[in-house]
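As provided, final-v4.txt (compact mmCIF, C-alpha atoms) reads as follows.
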# COMPACT_ATOMS: atom_id res chain seq x y z
CA MET A 2 -2.81 -36.74 19.92
CA LEU A 3 -3.56 -33.36 21.49
CA SER A 4 -5.38 -32.04 18.44
CA ASN A 5 -7.80 -34.97 18.56
CA GLN A 6 -8.76 -34.54 22.19
CA PRO A 7 -12.35 -33.30 22.67
CA GLU A 8 -11.25 -30.53 25.07
CA PHE A 9 -8.72 -29.24 22.60
CA GLN A 10 -11.28 -29.37 19.80
CA LYS A 11 -13.49 -27.15 21.94
CA LEU A 12 -10.60 -24.70 22.30
CA LEU A 13 -10.14 -24.67 18.53
CA LEU A 14 -13.83 -23.90 18.11
CA LEU A 15 -13.57 -21.03 20.59
CA HIS A 16 -10.45 -19.75 18.86
CA SER A 17 -12.17 -19.89 15.47
CA ARG A 18 -15.09 -17.82 16.74
CA ASP A 19 -12.75 -15.38 18.47
CA ARG A 20 -10.80 -14.84 15.25
CA ARG A 21 -13.95 -14.34 13.21
CA GLN A 22 -15.32 -11.81 15.68
CA GLN A 23 -12.05 -9.88 15.75
CA LYS A 24 -12.04 -9.71 11.96
CA LEU A 25 -15.62 -8.43 11.99
CA LYS A 26 -14.68 -5.82 14.58
CA ARG A 27 -11.76 -4.66 12.43
CA ASP A 28 -14.08 -4.41 9.44
CA LEU A 29 -16.55 -2.45 11.55
CA GLU A 30 -13.81 -0.05 12.64
CA GLN A 31 -12.88 0.53 9.00
CA SER A 32 -16.47 1.14 7.93
CA PRO A 33 -16.67 4.81 9.09
CA LEU A 34 -13.41 5.53 7.25
CA GLU A 35 -14.81 4.00 4.07
CA GLN A 36 -18.06 5.92 4.50
CA ASN A 37 -16.12 9.17 4.93
CA ARG A 38 -14.07 8.40 1.82
CA ILE A 39 -17.19 7.81 -0.26
CA GLN A 40 -18.92 10.91 1.15
CA LYS A 41 -15.89 13.08 0.31
CA GLN A 42 -15.94 11.70 -3.22
CA ILE A 43 -19.64 12.53 -3.49
CA ASP A 44 -18.95 16.07 -2.27
CA VAL A 45 -16.16 16.49 -4.83
CA GLU A 46 -18.40 15.32 -7.67
CA LYS A 47 -21.22 17.62 -6.56
CA GLU A 48 -18.78 20.52 -6.38
CA SER A 49 -17.66 19.75 -9.95
CA VAL A 50 -21.24 20.07 -11.17
CA ALA A 51 -21.74 23.24 -9.12
CA LEU A 52 -18.59 24.82 -10.57
CA ALA A 53 -19.64 23.99 -14.14
CA LEU A 54 -23.11 25.47 -13.57
CA SER A 55 -21.61 28.49 -11.79
CA GLU A 56 -19.31 29.27 -14.71
CA TRP A 57 -22.26 29.05 -17.10
CA LYS A 58 -24.37 31.38 -14.92
CA GLU A 59 -21.52 33.88 -14.56
CA LEU A 60 -21.10 34.04 -18.33
CA GLU A 61 -24.86 34.50 -18.75
CA ALA A 62 -24.78 37.33 -16.21
CA LYS A 63 -21.82 38.93 -18.02
CA ASN A 64 -23.68 38.69 -21.31
CA ASN A 65 -26.75 40.37 -19.80
CA THR A 66 -24.58 43.19 -18.48
CA LEU A 67 -22.94 43.67 -21.87
CA GLU A 68 -26.34 43.59 -23.57
CA ASN A 69 -27.60 46.36 -21.29
CA GLU A 70 -24.47 48.44 -21.90
CA ILE A 71 -24.78 48.01 -25.67
CA ILE A 72 -28.45 49.04 -25.55
CA ALA A 73 -27.52 52.08 -23.47
CA LEU A 74 -24.85 53.09 -26.02
CA THR A 75 -27.30 52.55 -28.89
CA ASP A 76 -29.76 54.85 -27.15
CA LYS A 77 -27.02 57.40 -26.57
CA ILE A 78 -26.03 57.38 -30.24
CA ALA A 79 -29.68 57.90 -31.20
CA ARG A 80 -29.91 60.90 -28.83
CA LEU A 81 -26.68 62.38 -30.18
CA LYS A 82 -27.91 62.06 -33.75
CA HIS A 83 -31.16 63.70 -32.76
CA GLN A 84 -29.18 66.57 -31.21
CA GLN A 85 -27.25 66.96 -34.46
CA LEU A 86 -30.49 67.75 -36.20
CA GLU A 87 -31.13 70.62 -33.82
CA VAL A 88 -27.69 72.31 -33.67
CA LYS A 89 -27.00 75.41 -35.76
CA LYS A 90 -23.24 75.66 -35.59
CA ASN A 91 -20.78 73.49 -37.51
CA GLU A 92 -18.52 73.22 -34.47
CA GLU A 93 -21.32 71.78 -32.38
CA TYR A 94 -22.24 69.41 -35.20
CA ARG A 95 -18.64 68.15 -35.55
CA ALA A 96 -18.33 67.75 -31.76
CA LEU A 97 -21.47 65.63 -31.69
CA ASP A 98 -20.22 63.70 -34.69
CA ASN A 99 -16.92 62.95 -32.91
CA GLU A 100 -18.80 61.85 -29.82
CA ILE A 101 -21.00 59.58 -31.92
CA VAL A 102 -17.86 57.96 -33.41
CA THR A 103 -16.35 57.50 -29.95
CA VAL A 104 -19.52 55.97 -28.53
CA GLY A 105 -19.83 53.81 -31.64
CA SER A 106 -16.28 52.53 -31.13
CA SER A 107 -17.09 51.65 -27.54
CA GLN A 108 -20.24 49.91 -28.68
CA SER A 109 -18.28 47.94 -31.28
CA LEU A 110 -15.78 46.77 -28.66
CA LEU A 111 -18.62 45.67 -26.39
CA GLU A 112 -20.26 43.79 -29.26
CA ASP A 113 -16.98 41.97 -29.98
CA GLU A 114 -16.67 41.10 -26.31
CA GLN A 115 -20.27 39.93 -26.26
CA LEU A 116 -19.64 37.68 -29.25
CA GLU A 117 -16.76 36.02 -27.41
CA ILE A 118 -18.93 35.65 -24.32
CA LEU A 119 -21.71 34.05 -26.36
CA MET A 120 -19.24 31.48 -27.73
CA LYS A 121 -18.02 30.77 -24.23
CA ILE A 122 -21.61 30.45 -23.02
CA ASP A 123 -22.27 27.79 -25.62
CA ASP A 124 -19.18 25.82 -24.53
CA ALA A 125 -19.99 26.29 -20.85
CA ARG A 126 -23.58 25.17 -21.38
CA LYS A 127 -22.44 21.98 -23.13
CA THR A 128 -19.84 21.32 -20.42
CA ALA A 129 -22.39 21.89 -17.65
CA GLU A 130 -24.96 19.62 -19.29
CA ILE A 131 -22.40 16.84 -19.80
CA ALA A 132 -21.11 17.25 -16.24
CA LYS A 133 -24.60 17.21 -14.80
CA SER A 134 -25.54 14.12 -16.80
CA LYS A 135 -22.42 12.00 -16.28
CA ILE A 136 -21.50 13.13 -12.80
CA THR A 137 -25.06 12.78 -11.58
CA LEU A 138 -24.95 9.10 -12.56
CA LYS A 139 -21.62 8.74 -10.79
CA ILE A 140 -23.02 10.41 -7.67
CA GLU A 141 -25.97 8.03 -7.72
CA GLU A 142 -23.59 5.05 -7.83
CA LEU A 143 -21.53 6.50 -5.00
CA GLU A 144 -24.64 7.09 -2.91
CA LYS A 145 -25.65 3.48 -3.50
CA SER A 146 -22.19 2.39 -2.33
CA LEU A 147 -22.52 4.59 0.75
CA LEU A 148 -25.90 3.10 1.57
CA SER A 149 -24.53 -0.40 1.03
CA CYS A 150 -21.63 0.41 3.33
CA LYS A 151 -24.02 1.58 6.05
CA ASP A 152 -26.14 -1.56 5.65
CA HIS A 153 -23.01 -3.70 5.87
CA CYS A 154 -22.09 -1.87 9.06
CA LEU A 155 -25.43 -2.89 10.57
CA GLU A 156 -24.89 -6.48 9.45
CA LEU A 157 -21.42 -6.53 11.01
CA THR A 158 -22.82 -5.23 14.28
CA ALA A 159 -25.50 -7.93 14.29
CA ASP A 160 -22.96 -10.67 13.50
CA ILE A 161 -20.65 -9.46 16.27
CA LEU A 162 -23.49 -9.56 18.79
CA LYS A 163 -24.45 -13.04 17.62
CA LEU A 164 -20.86 -14.21 18.01
CA ASP A 165 -20.79 -12.81 21.55
CA ASP A 166 -23.34 -15.44 22.51
CA GLU A 167 -21.57 -18.19 20.56
CA ILE A 168 -18.21 -17.33 22.13
CA SER A 169 -19.74 -17.27 25.59
CA LYS A 170 -21.20 -20.74 25.05
CA ALA A 171 -17.94 -22.05 23.61
CA ARG A 172 -15.98 -20.71 26.61
CA ASP A 173 -18.31 -22.46 29.03
CA GLU A 174 -17.51 -25.81 27.38
CA VAL A 175 -13.71 -25.47 27.64
CA GLU A 176 -11.88 -26.55 30.80
CA PRO A 177 -10.94 -23.61 33.07
CA SER A 178 -7.23 -24.51 32.98
CA ILE A 179 -7.23 -24.43 29.17
CA ILE A 180 -9.18 -21.17 29.14
CA SER A 181 -6.64 -19.71 31.53
CA SER A 182 -3.75 -20.63 29.22
CA TYR A 183 -5.67 -19.30 26.24
CA GLU A 184 -6.41 -15.94 27.89
CA ARG A 185 -2.77 -15.54 28.98
CA THR A 186 -1.71 -16.15 25.39
CA LYS A 187 -4.11 -13.49 24.14
CA THR A 188 -2.53 -10.94 26.49
CA VAL A 189 0.95 -11.72 25.11
CA ILE A 190 0.13 -11.98 21.40
CA THR A 191 -1.07 -8.72 19.84
CA LYS A 192 -3.01 -10.30 16.99
CA PRO A 193 -4.38 -13.74 16.05
CA PRO A 194 -3.83 -16.58 15.57
CA TYR A 195 -3.44 -17.47 19.23
CA VAL A 196 -3.65 -21.21 18.58
CA THR A 197 -1.73 -22.50 15.57
CA PRO A 198 -0.32 -25.77 14.21
CA VAL A 199 3.32 -26.77 14.03
CA VAL A 200 4.33 -27.69 10.48
CA ASP A 201 7.79 -29.08 9.70
CA GLN A 202 8.70 -28.21 13.30
CA LYS A 203 7.88 -24.54 12.66
CA CYS A 204 5.19 -22.54 14.43
CA SER A 205 2.66 -21.40 11.82
CA GLY A 206 2.11 -18.21 13.80
CA CYS A 207 5.66 -16.85 13.86
CA ASN A 208 7.23 -19.18 11.26
CA LEU A 209 10.13 -19.93 13.60
CA ARG A 210 11.44 -23.37 14.52
CA VAL A 211 10.17 -24.76 17.81
CA SER A 212 12.34 -26.80 20.13
CA ASN A 213 12.28 -30.59 20.44
CA ASP A 214 10.88 -30.12 23.94
CA VAL A 215 7.84 -28.37 22.48
CA VAL A 216 7.29 -31.15 19.96
CA SER A 217 7.69 -33.74 22.70
CA SER A 218 5.22 -31.95 24.94
CA ILE A 219 2.65 -31.97 22.14
CA LEU A 220 3.15 -35.54 20.97
CA VAL A 221 4.14 -37.38 24.13
CA GLU A 222 2.70 -35.42 27.05
CA ARG A 223 -0.34 -34.31 25.08
CA LYS A 224 -0.75 -31.12 27.07
CA ILE A 225 -1.36 -27.46 26.22
CA THR A 226 1.99 -26.27 24.90
CA GLN A 227 3.20 -22.87 23.82
CA CYS A 228 5.68 -21.95 21.12
CA ASP A 229 9.00 -21.18 22.80
CA GLN A 230 9.55 -18.40 20.24
CA CYS A 231 6.30 -16.38 20.20
CA GLY A 232 4.19 -17.82 23.03
CA ARG A 233 1.26 -19.02 20.91
CA ILE A 234 -0.48 -22.28 21.84
CA VAL A 235 0.73 -24.85 19.33
CA TYR A 236 -0.38 -28.32 18.28
CA ILE A 237 0.38 -30.87 15.57
CA GLU A 238 -2.27 -32.00 13.13
CA ARG A 239 -2.32 -35.73 12.39
Mind turning the file's structure into structure tokens?
Amino acid sequence: MLSNQPEFQKLLLLHSRDRRQQKLKRDLEQSPLEQNRIQKQIDVEKESVALALSEWKELEAKNNTLENEIIALTDKIARLKHQQLEVKKNEEYRALDNEIVTVGSSQSLLEDEQLEILMKIDDARKTAEIAKSKITLKIEELEKSLLSCKDHCLELTADILKLDDEISKARDEVEPSIISSYERTKTVITKPPYVTPVVDQKCSGCNLRVSNDVVSSILVERKITQCDQCGRIVYIER
């Protein structure tokens, strides 16, 4: 039986290491994409905190501006009332009185606006504090995931390098003619497996039925045989 021959067992070992290394390489290729995804998520979360804090600060700044305007109007009303005490004519007194009412109305509107701003500040402060607390924890978890991803990338690189040596040793132990067939198969097949068993007269690689000649070549001639559908090296396990 071909699958029991020592030389073929060596090919299976080489194939196993090849497949494992290719999987590790695919994982390594995906690692930067995963790192970018995590980093973008971190940036989004940080921006959320920044926006919440920015809204709070803007409202505080608006409140300070209103407070200064209200103080200025209060001072103006005080000056106008002081002028009233000094005027001699009724017309001048009434004019100052009208101006005091107008300034007072403006001051009242600003005070109403300030009250609304103060309520918004309280809500914004609570939102910012909650965002900073919860999102900061989330960012910490994401940063841990990013670090873990980078560490895994280093581990993958080390494993790939280790497998390079193991694959090289495994290749040296396989007969040149078998290696030649194996390498030709790898150029034809775009992805593993390159060596696969026949089960119920179907190639496990392409799931198509192989011919009786292929089965005969495996069982009777006991030589390296390729699927006549996909070109993979096939064997029968018994």
Neighbouring residues of Leu60 of chain A were defined as those with any atom within 12 Å, considering only C-alpha atoms; residues of the same chain fewer than 2 positions away were excluded. Please report them as a VMD selection string. chain A and resid 53 to 58 62 to 67 114 to 126
Grab the atom CA of Asn5 of chain A to atom CA of Thr186 of chain A distance for me, in Å with one decimal place.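 About the pair atom CA of Asn5 of chain A and atom CA of Thr186 of chain A: they are 20.9 Å apart.
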In Å, with one decimal, what is the gap from atom CA of Glu93 of chain A to atom CA of Ile72 of chain A? 24.8 Å
Which is closest to Gly105 of chain A among A:Leu86, A:Glu92, A:Cys204, A:Leu81, if we use all atoms listed in the file?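 Among the listed residues, A:Leu81 lies closest to Gly105 of chain A.
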Taking only C-alpha atoms into account, which of A:Pro33, A:Ser182, A:Lys24, A:Ile190 comes nearest Asp152 of chain A?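 Residue with the minimum atom-to-atom distance to Asp152 of chain A: A:Pro33.
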What does the structure give for the distance between atom CA of Val215 of chain A and atom CA of Arg20 of chain A, in Å to one decimal?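 Result for atom CA of Val215 of chain A versus atom CA of Arg20 of chain A: 24.1 Å, one decimal.
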May I ask which of the residues A:Val216, A:Gly232, A:Ile161, A:Cys207 is the closest one to Val189 of chain A, counting all atoms listed in the file?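 Closest to Val189 of chain A of all the choices is A:Gly232.
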Shortest interatomic distance to Val200 of chain A - which of A:Val175, A:Ile225, A:Ser146, A:Val235, counting all atoms listed in the file: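 Smallest distance to Val200 of chain A is found for A:Val235.
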All residues 9 Å or closer to His153 of chain A, only C-alpha atoms, same chain fewer than 5 positions away omitted, as a count of residues only: 4
Distance criterion (all atoms listed in the file): nearest to Lys224 of chain A out of A:Gln202, A:Asp76, A:Ile237, A:Ala171: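 Of A:Gln202, A:Asp76, A:Ile237, A:Ala171, the one nearest Lys224 of chain A is A:Ile237, counting all atoms listed in the file.
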Show which residues sit within 9 Å of Leu111 of chain A, as a list of chain:residue names. Count all atoms listed in the file, and ignore same-chain residues fewer than 6 positions away.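 My reading of the contact set: A:Leu67, A:Glu68, A:Glu70, A:Ile71.
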Ranking A:Glu87, A:Glu35, A:Glu144, A:Asp160 by minimum distance to Gln22 of chain A and counting all atoms listed in the file, which one comes first? A:Asp160
Got a sec: who's within 12 Å of Thr103 of chain A, counting all atoms listed in the file, leaving out chain neighbours fewer than 4 positions off, as a PyMOL selection string? chain A and resi 74+77-78+81+96-99+107-110
